[in-house]
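Heads up: the structure comes next, in structure tokens.
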Amino acid sequence: MSRVNDVGGQTGFGAVVVEEGEPPFHADWEARVYALNVTLVRRGVYTLDEFRDAVERMPPQEYLAASYYERWLAAIETLTQERGVLDG
């Protein structure tokens, strides 16, 4: 069963536009989410495969409404709750 993020071969999503000089993060919180994810993976809380799966398990309506790093944050919250690192 494909998930909402599985858009391979589909059309209608438009071109991917990469602006020259665009910063890697548009807000400070995005950089913090990135750093938190790197730290949790390095400490063995979860793997990158588990992280990707957590992003892909987001409900379709939430996935489509979220920005890139909002999806990352949702996955981090899911995985840390599942592992008992973060209280729900």
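Chain lettering (A, B, ...) mirrors the order of the structure tokens, residue numbering begins at 1 for each chain separately, and ligand numbering begins at 1 in order of display.
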**Prompt:** If you run DSSP on this backbone, which residues of chain A come out as helix (DSSP H, G or I), and could you give them as JSON, numbers by chain?
**Reply:** {"A": [28, 29, 30, 31, 32, 33, 34, 35, 36, 37, 38, 39, 40, 41, 42, 48, 49, 50, 51, 52, 53, 54, 55, 56, 60, 61, 62, 63, 64, 65, 68, 69, 70, 71, 72, 73, 74, 75, 76, 77, 78, 79, 80, 81, 82]}
Restricting it to C-alpha atoms, dump the selection as an mmCIF file, in the first residue's frame.
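What landed in out_21.cif:
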data_model
loop_
_atom_site.group_PDB
_atom_site.id
_atom_site.type_symbol
_atom_site.label_atom_id
_atom_site.label_comp_id
_atom_site.auth_asym_id
_atom_site.auth_seq_id
_atom_site.Cartn_x
_atom_site.Cartn_y
_atom_site.Cartn_z
ATOM 1 C CA ASP A 28 16.023 29.099 13.693
ATOM 2 C CA TRP A 29 13.635 26.365 14.843
ATOM 3 C CA GLU A 30 14.287 24.406 11.638
ATOM 4 C CA ALA A 31 18.009 24.287 12.400
ATOM 5 C CA ARG A 32 17.223 23.118 15.932
ATOM 6 C CA VAL A 33 14.979 20.325 14.651
ATOM 7 C CA TYR A 34 17.739 19.241 12.272
ATOM 8 C CA ALA A 35 20.310 19.233 15.093
ATOM 9 C CA LEU A 36 17.951 17.352 17.416
ATOM 10 C CA ASN A 37 17.403 14.655 14.798
ATOM 11 C CA VAL A 38 21.151 14.264 14.193
ATOM 12 C CA THR A 39 21.755 13.976 17.941
ATOM 13 C CA LEU A 40 19.014 11.382 18.489
ATOM 14 C CA VAL A 41 20.265 9.240 15.592
ATOM 15 C CA ARG A 42 23.885 9.444 16.788
ATOM 16 C CA LEU A 48 17.346 7.090 9.891
ATOM 17 C CA ASP A 49 15.168 4.327 8.439
ATOM 18 C CA GLU A 50 12.906 4.499 11.497
ATOM 19 C CA PHE A 51 12.836 8.290 11.196
ATOM 20 C CA ARG A 52 11.813 8.129 7.542
ATOM 21 C CA ASP A 53 9.109 5.584 8.386
ATOM 22 C CA ALA A 54 7.758 7.864 11.128
ATOM 23 C CA VAL A 55 7.489 10.741 8.637
ATOM 24 C CA GLU A 56 5.701 8.445 6.203
ATOM 25 C CA PRO A 60 -2.202 12.186 4.959
ATOM 26 C CA GLN A 61 -3.971 15.446 5.855
ATOM 27 C CA GLU A 62 -1.256 16.329 8.403
ATOM 28 C CA TYR A 63 1.559 15.316 6.038
ATOM 29 C CA LEU A 64 0.230 17.471 3.215
ATOM 30 C CA ALA A 65 -0.374 20.485 5.473
ATOM 31 C CA TYR A 68 9.457 19.875 5.510
ATOM 32 C CA TYR A 69 10.772 20.470 9.020
ATOM 33 C CA GLU A 70 7.304 20.277 10.576
ATOM 34 C CA ARG A 71 7.264 16.692 9.264
ATOM 35 C CA TRP A 72 10.663 16.117 10.843
ATOM 36 C CA LEU A 73 9.421 17.444 14.182
ATOM 37 C CA ALA A 74 6.315 15.245 14.041
ATOM 38 C CA ALA A 75 8.497 12.188 13.367
ATOM 39 C CA ILE A 76 10.836 13.066 16.252
ATOM 40 C CA GLU A 77 7.849 13.460 18.581
ATOM 41 C CA THR A 78 6.388 10.140 17.440
ATOM 42 C CA LEU A 79 9.624 8.194 17.841
ATOM 43 C CA THR A 80 10.600 9.672 21.193
ATOM 44 C CA GLN A 81 7.117 8.939 22.559
ATOM 45 C CA GLU A 82 7.207 5.373 21.197
#
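Here CA of Phe25 (chain A) is placed at a distance of 29.0 Å from CA of Gly84 (chain A).
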